[in-house]
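The next block is model-v3.txt, given as compact mmCIF, C-alpha atoms and all ligand atoms.
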```
# COMPACT_ATOMS: atom_id res chain seq x y z
CA MET A 10 -11.84 -18.22 13.20
CA LYS A 11 -12.66 -21.05 10.82
CA LEU A 12 -9.22 -22.66 10.99
CA GLU A 13 -7.74 -23.92 14.23
CA VAL A 14 -4.78 -25.99 15.34
CA VAL A 15 -4.74 -28.10 18.48
CA LYS A 16 -2.38 -30.64 19.93
CA ALA A 17 -4.71 -33.54 20.47
CA ASP A 18 -5.64 -37.14 19.99
CA ILE A 19 -8.12 -36.83 17.14
CA THR A 20 -10.27 -39.69 18.49
CA LYS A 21 -11.29 -37.49 21.42
CA LEU A 22 -12.69 -34.61 19.38
CA ALA A 23 -16.45 -34.00 19.37
CA VAL A 24 -16.79 -32.72 15.81
CA ASP A 25 -19.15 -33.76 13.03
CA ALA A 26 -16.39 -35.63 11.20
CA ILE A 27 -12.82 -36.64 11.88
CA VAL A 28 -10.58 -37.59 8.98
CA ASN A 29 -8.60 -40.81 9.05
CA ALA A 30 -5.22 -41.21 7.34
CA ALA A 31 -6.20 -44.65 6.07
CA ASN A 32 -4.56 -47.00 3.60
CA SER A 33 -6.15 -48.12 0.35
CA SER A 34 -7.35 -51.44 1.78
CA LEU A 35 -9.52 -49.57 4.32
CA MET A 36 -8.89 -52.49 6.66
CA GLY A 37 -7.21 -50.48 9.41
CA GLY A 38 -3.52 -50.15 10.22
CA GLY A 39 -1.16 -48.42 12.59
CA GLY A 40 -0.86 -44.80 13.64
CA VAL A 41 -3.97 -42.67 13.60
CA ASP A 42 -5.85 -45.34 11.61
CA GLY A 43 -5.35 -47.92 14.38
CA ALA A 44 -6.29 -45.39 17.06
CA ILE A 45 -9.54 -44.49 15.26
CA HIS A 46 -10.62 -48.12 14.77
CA ARG A 47 -9.73 -48.98 18.38
CA ALA A 48 -11.65 -46.06 19.84
CA GLY A 49 -14.57 -46.22 17.38
CA GLY A 50 -15.20 -49.95 17.61
CA PRO A 51 -16.20 -52.58 15.03
CA ALA A 52 -18.99 -50.59 13.31
CA ILE A 53 -16.39 -48.56 11.41
CA LEU A 54 -14.58 -51.61 10.01
CA GLU A 55 -17.94 -53.17 9.15
CA GLU A 56 -18.83 -50.17 6.98
CA CYS A 57 -15.35 -50.11 5.48
CA LYS A 58 -15.82 -53.74 4.43
CA GLN A 59 -19.10 -52.83 2.74
CA ILE A 60 -17.37 -50.01 0.86
CA VAL A 61 -14.60 -52.38 -0.23
CA ALA A 62 -17.20 -54.90 -1.42
CA ARG A 63 -18.89 -52.13 -3.41
CA GLN A 64 -15.93 -50.26 -4.87
CA GLY A 65 -12.80 -52.24 -3.97
CA GLY A 66 -10.98 -49.97 -1.52
CA CYS A 67 -10.01 -46.33 -1.82
CA LYS A 68 -7.42 -44.84 -4.16
CA THR A 69 -4.69 -42.44 -3.06
CA GLY A 70 -6.11 -38.93 -2.84
CA GLU A 71 -9.71 -40.15 -2.67
CA ALA A 72 -11.98 -40.34 0.38
CA VAL A 73 -14.91 -42.38 1.72
CA ILE A 74 -17.18 -41.86 4.72
CA THR A 75 -18.43 -44.14 7.51
CA THR A 76 -20.13 -43.80 10.85
CA GLY A 77 -18.08 -42.65 13.82
CA GLY A 78 -19.17 -45.71 15.79
CA ASN A 79 -18.38 -45.13 19.47
CA LEU A 80 -16.37 -41.98 18.78
CA PRO A 81 -17.60 -38.56 19.85
CA ALA A 82 -17.45 -37.65 16.14
CA LYS A 83 -20.53 -38.57 14.07
CA PHE A 84 -18.57 -39.60 10.99
CA VAL A 85 -15.13 -40.79 9.98
CA ILE A 86 -13.90 -39.68 6.57
CA HIS A 87 -11.21 -42.10 5.43
CA THR A 88 -8.71 -40.69 2.98
CA VAL A 89 -5.57 -42.29 1.60
CA GLY A 90 -2.49 -40.09 1.60
CA PRO A 91 0.46 -40.65 -0.75
CA VAL A 92 3.55 -42.53 0.36
CA TRP A 93 6.35 -39.97 -0.02
CA ASN A 94 9.03 -40.69 -2.58
CA GLY A 95 9.79 -37.09 -3.57
CA LYS A 96 7.75 -36.94 -6.79
CA PRO A 97 5.73 -33.77 -7.59
CA LYS A 98 2.57 -35.80 -8.09
CA GLU A 99 2.61 -36.69 -4.39
CA SER A 100 1.96 -33.07 -3.39
CA GLU A 101 -1.05 -32.98 -5.66
CA LEU A 102 -2.33 -36.26 -4.21
CA LEU A 103 -1.93 -34.93 -0.67
CA ALA A 104 -3.91 -31.80 -1.60
CA ASN A 105 -6.59 -34.05 -3.13
CA CYS A 106 -6.97 -35.81 0.24
CA TYR A 107 -7.93 -32.53 1.91
CA THR A 108 -10.22 -31.36 -0.88
CA HIS A 109 -12.03 -34.67 -1.33
CA SER A 110 -12.48 -35.08 2.43
CA LEU A 111 -14.04 -31.63 2.68
CA GLN A 112 -16.30 -32.33 -0.30
CA LEU A 113 -17.59 -35.45 1.47
CA ALA A 114 -18.05 -33.43 4.66
CA VAL A 115 -20.21 -30.90 2.81
CA GLU A 116 -22.23 -33.65 1.09
CA ASN A 117 -22.96 -35.12 4.53
CA LYS A 118 -23.82 -31.78 6.13
CA CYS A 119 -20.82 -31.80 8.46
CA LYS A 120 -20.11 -28.32 9.79
CA THR A 121 -17.05 -29.16 11.89
CA VAL A 122 -14.19 -31.32 10.65
CA ALA A 123 -10.86 -32.37 12.18
CA PHE A 124 -7.83 -33.52 10.19
CA PRO A 125 -4.71 -35.37 11.32
CA ASN A 126 -1.39 -34.58 9.59
CA ILE A 127 -2.03 -36.92 6.68
CA SER A 128 0.99 -38.84 5.30
CA THR A 129 3.44 -37.42 7.86
CA GLY A 130 3.77 -40.67 9.82
CA VAL A 131 4.58 -44.03 8.26
CA TYR A 132 4.11 -42.49 4.77
CA ARG A 133 7.10 -40.16 5.46
CA PHE A 134 5.88 -36.99 3.76
CA PRO A 135 8.13 -34.11 4.96
CA LYS A 136 6.19 -32.38 7.71
CA ASP A 137 6.98 -28.81 6.62
CA GLU A 138 5.83 -29.40 3.05
CA ALA A 139 2.77 -31.32 4.24
CA ALA A 140 1.79 -28.43 6.53
CA VAL A 141 2.00 -25.91 3.67
CA ILE A 142 -0.18 -28.12 1.46
CA ALA A 143 -2.69 -28.88 4.24
CA VAL A 144 -3.31 -25.27 5.25
CA LYS A 145 -3.24 -23.86 1.71
CA THR A 146 -5.69 -26.46 0.42
CA VAL A 147 -8.14 -26.21 3.30
CA ALA A 148 -8.05 -22.40 3.28
CA ALA A 149 -8.75 -22.35 -0.46
CA PHE A 150 -11.68 -24.73 -0.02
CA LEU A 151 -13.17 -22.64 2.78
CA ARG A 152 -12.96 -19.49 0.72
CA ASN A 153 -15.41 -21.09 -1.71
CA THR A 154 -18.01 -22.45 0.68
CA ASN A 155 -20.03 -21.37 3.67
CA GLU A 156 -21.12 -24.90 4.51
CA ILE A 157 -18.20 -25.64 6.83
CA GLU A 158 -17.96 -23.68 10.06
CA LYS A 159 -14.71 -24.99 11.46
CA VAL A 160 -11.72 -27.07 10.45
CA ILE A 161 -9.40 -28.25 13.19
CA PHE A 162 -5.89 -29.53 12.52
CA ALA A 163 -5.36 -32.12 15.24
CA CYS A 164 -1.61 -32.51 15.62
CA PHE A 165 -0.21 -35.40 17.59
CA ASP A 166 3.33 -34.13 17.80
CA GLU A 167 4.89 -30.81 18.71
CA GLU A 168 6.65 -30.37 15.36
CA ASN A 169 3.48 -30.65 13.31
CA PHE A 170 1.69 -28.37 15.76
CA HIS A 171 4.26 -25.60 15.25
CA LEU A 172 4.44 -26.08 11.48
CA ILE A 173 0.65 -25.87 11.08
CA GLN A 174 0.54 -22.89 13.45
CA ARG A 175 3.12 -21.11 11.29
CA GLU A 176 1.09 -21.72 8.12
CA LEU A 177 -2.14 -20.62 9.81
CA ASP A 178 -0.48 -17.37 10.88
CA LYS A 179 0.32 -16.68 7.22
CA VAL A 180 -3.23 -17.39 6.08
CA ASN A 181 -4.77 -15.36 8.88
CA SER A 182 -2.64 -12.33 8.12
CA TRP A 183 -3.90 -12.10 4.53
P1 LIG B 1 0.28 -41.95 7.33
O1 LIG B 1 0.36 -43.40 6.97
O2 LIG B 1 -0.70 -41.18 6.48
O3 LIG B 1 1.62 -41.32 7.42
P2 LIG B 1 0.13 -42.15 10.25
O4 LIG B 1 -1.03 -42.57 11.08
O5 LIG B 1 1.35 -42.99 10.31
O6 LIG B 1 -0.43 -41.97 8.77
O7 LIG B 1 0.54 -40.68 10.64
C1 LIG B 1 -0.19 -39.53 10.30
C2 LIG B 1 -0.09 -38.53 11.44
O8 LIG B 1 -1.05 -38.87 12.44
C3 LIG B 1 1.26 -38.49 12.12
O9 LIG B 1 1.67 -37.13 12.21
C4 LIG B 1 0.98 -39.08 13.51
O10 LIG B 1 1.80 -38.49 14.49
C5 LIG B 1 -0.46 -38.68 13.70
N1 LIG B 1 -1.24 -39.46 14.69
C6 LIG B 1 -1.04 -40.71 15.18
N2 LIG B 1 -1.99 -41.04 16.07
C7 LIG B 1 -2.83 -39.96 16.16
C8 LIG B 1 -3.99 -39.65 16.93
N3 LIG B 1 -4.52 -40.51 17.78
N4 LIG B 1 -4.57 -38.43 16.74
C9 LIG B 1 -4.06 -37.52 15.89
N5 LIG B 1 -2.96 -37.76 15.14
C10 LIG B 1 -2.35 -38.95 15.29
```
Take the structure in the file and give it back as structure tokens.
Ligand code: ADP
Amino acid sequence: MKLEVVKADITKLAVDAIVNAANSSLMGGGGVDGAIHRAGGPAILEECKQIVARQGGCKTGEAVITTGGNLPAKFVIHTVGPVWNGKPKESELLANCYTHSLQLAVENKCKTVAFPNISTGVYRFPKDEAAVIAVKTVAAFLRNTNEIEKVIFACFDEENFHLIQRELDKVNSW
């Protein structure tokens, strides 16, 4: 099975790349972003600063890649989810986060990738809608590539775990 859901702290996963729900400054923050920088150490922030110096941050829906520092993961892909205000464009931007992160993973020869539930924390995206977008977008990407062997949805809370599980059941029964 190429798609998996686990209830886990994403910083503990030994995959090629974990995805960070970053903010556009790339300077760290709370939630999963803070956990990744804390566990990965200063090398990640150092590379983020270089990216900011080069391109001035990261836009919503886009993604950039750094080392994994001290993490078990080799790389961190930082993507910026939309802040939820209920506008249709926000769904598209959330889907872009998943697609652009996977494109970067392929470009960097990552075979295994783990995602958190982007935008469902401080950015307040409704968890059910976010789960539909996450699974649909990743499944569509994987149908068009053989480069990625496994995508893990690392859920931190029970609700997201069950919502992603429900969406995966739909995809797997196609
Ligand atoms: P955003 O600003 O994109 O909403 P948050 O970090 O606030 O980002 O939340 C995104 C999701 O990440 C939330 O569902 C939150 O429960 C989850 N999360 C927080 N810490 C971790 C962690 N260590 N590993 C995996 N997921 C986490």
Around ligand LIG 1 (chain B), at most 9 Å away and counting all atoms listed in the file, which residues are there? Put them as a ChimeraX atom specification, please. /A:16-21,29-32,38-45,88-93,124-134,136,162-166,168-169
Using all atoms listed in the file, which protein or nucleic acid residues come within 8 Å of range 72-86 of chain A? Drop anything in the same chain fewer than 6 positions from it, and give the result as a ChimeraX atom specification. /A:20-29,48-53,56-57,106,109-110,113-114
Kindly give the distance, in Å, that separates CA of Leu102 in chain A and CA of Ala123 in chain A, rounded to a single decimal. 18.9 Å
Pairwise distance for CA of Ile60 in chain A and CA of Ser33 in chain A, rounded to one decimal in Å: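 We find that CA of Ile60 in chain A and CA of Ser33 in chain A lie 11.4 Å from each other.
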Distance query Glu156 in chain A at most 8 Å, only C-alpha atoms, self and fewer than 6 positions along chain excluded, as an MDAnalysis selection string: chainID A and resid 115 118:120
Which is closer to Asn105 in chain A than all the others in A:Ile142, A:Val122, A:Ala62, A:Leu172, using only C-alpha atoms?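 Checking each candidate against Asn105 in chain A, we get A:Ile142 as the closest.
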Given all atoms listed in the file as the counted atoms, nearest of A:Glu176, A:Glu71, A:Asp137, A:Glu158 to Gln112 in chain A: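 Ranking A:Glu176, A:Glu71, A:Asp137, A:Glu158 by distance to Gln112 in chain A, first place goes to A:Glu71.
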Using CA of Gln174 in chain A and CA of Thr108 in chain A as the two end points, give the distance in Å to one decimal. 19.8 Å
All file atoms of range 105-122 of chain A boxed axis-aligned, 4 Å per side, centre plus edges, as lines of an AutoDock Vina configuration file:
```
center_x = -15.2
center_y = -32.1
center_z = 4.4
size_x = 25.2
size_y = 15.5
size_z = 23.0
```
Using all atoms listed in the file, find the one residue out of A:His46, A:Val15, A:Lys145, A:Pro135 that sits nearest to Glu167 in chain A.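 Comparing A:His46, A:Val15, A:Lys145, A:Pro135 against Glu167 in chain A, the winner is A:Val15.
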Go through A:Val144, A:Thr154, A:Lys179, A:Val61 and flag the residue nearest Val14 in chain A, using all atoms listed in the file for the distances. A:Val144
Nearest to Arg152 in chain A: which of A:Val180, A:Lys96, A:His171, A:Lys68 is it, counting only C-alpha atoms?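 The answer is A:Val180, which sits nearest to Arg152 in chain A.
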Among the residues A:Leu177, A:Ala149, A:Leu35, A:Ile161, the one that comes closest to Glu13 in chain A [using all atoms listed in the file]: A:Ile161
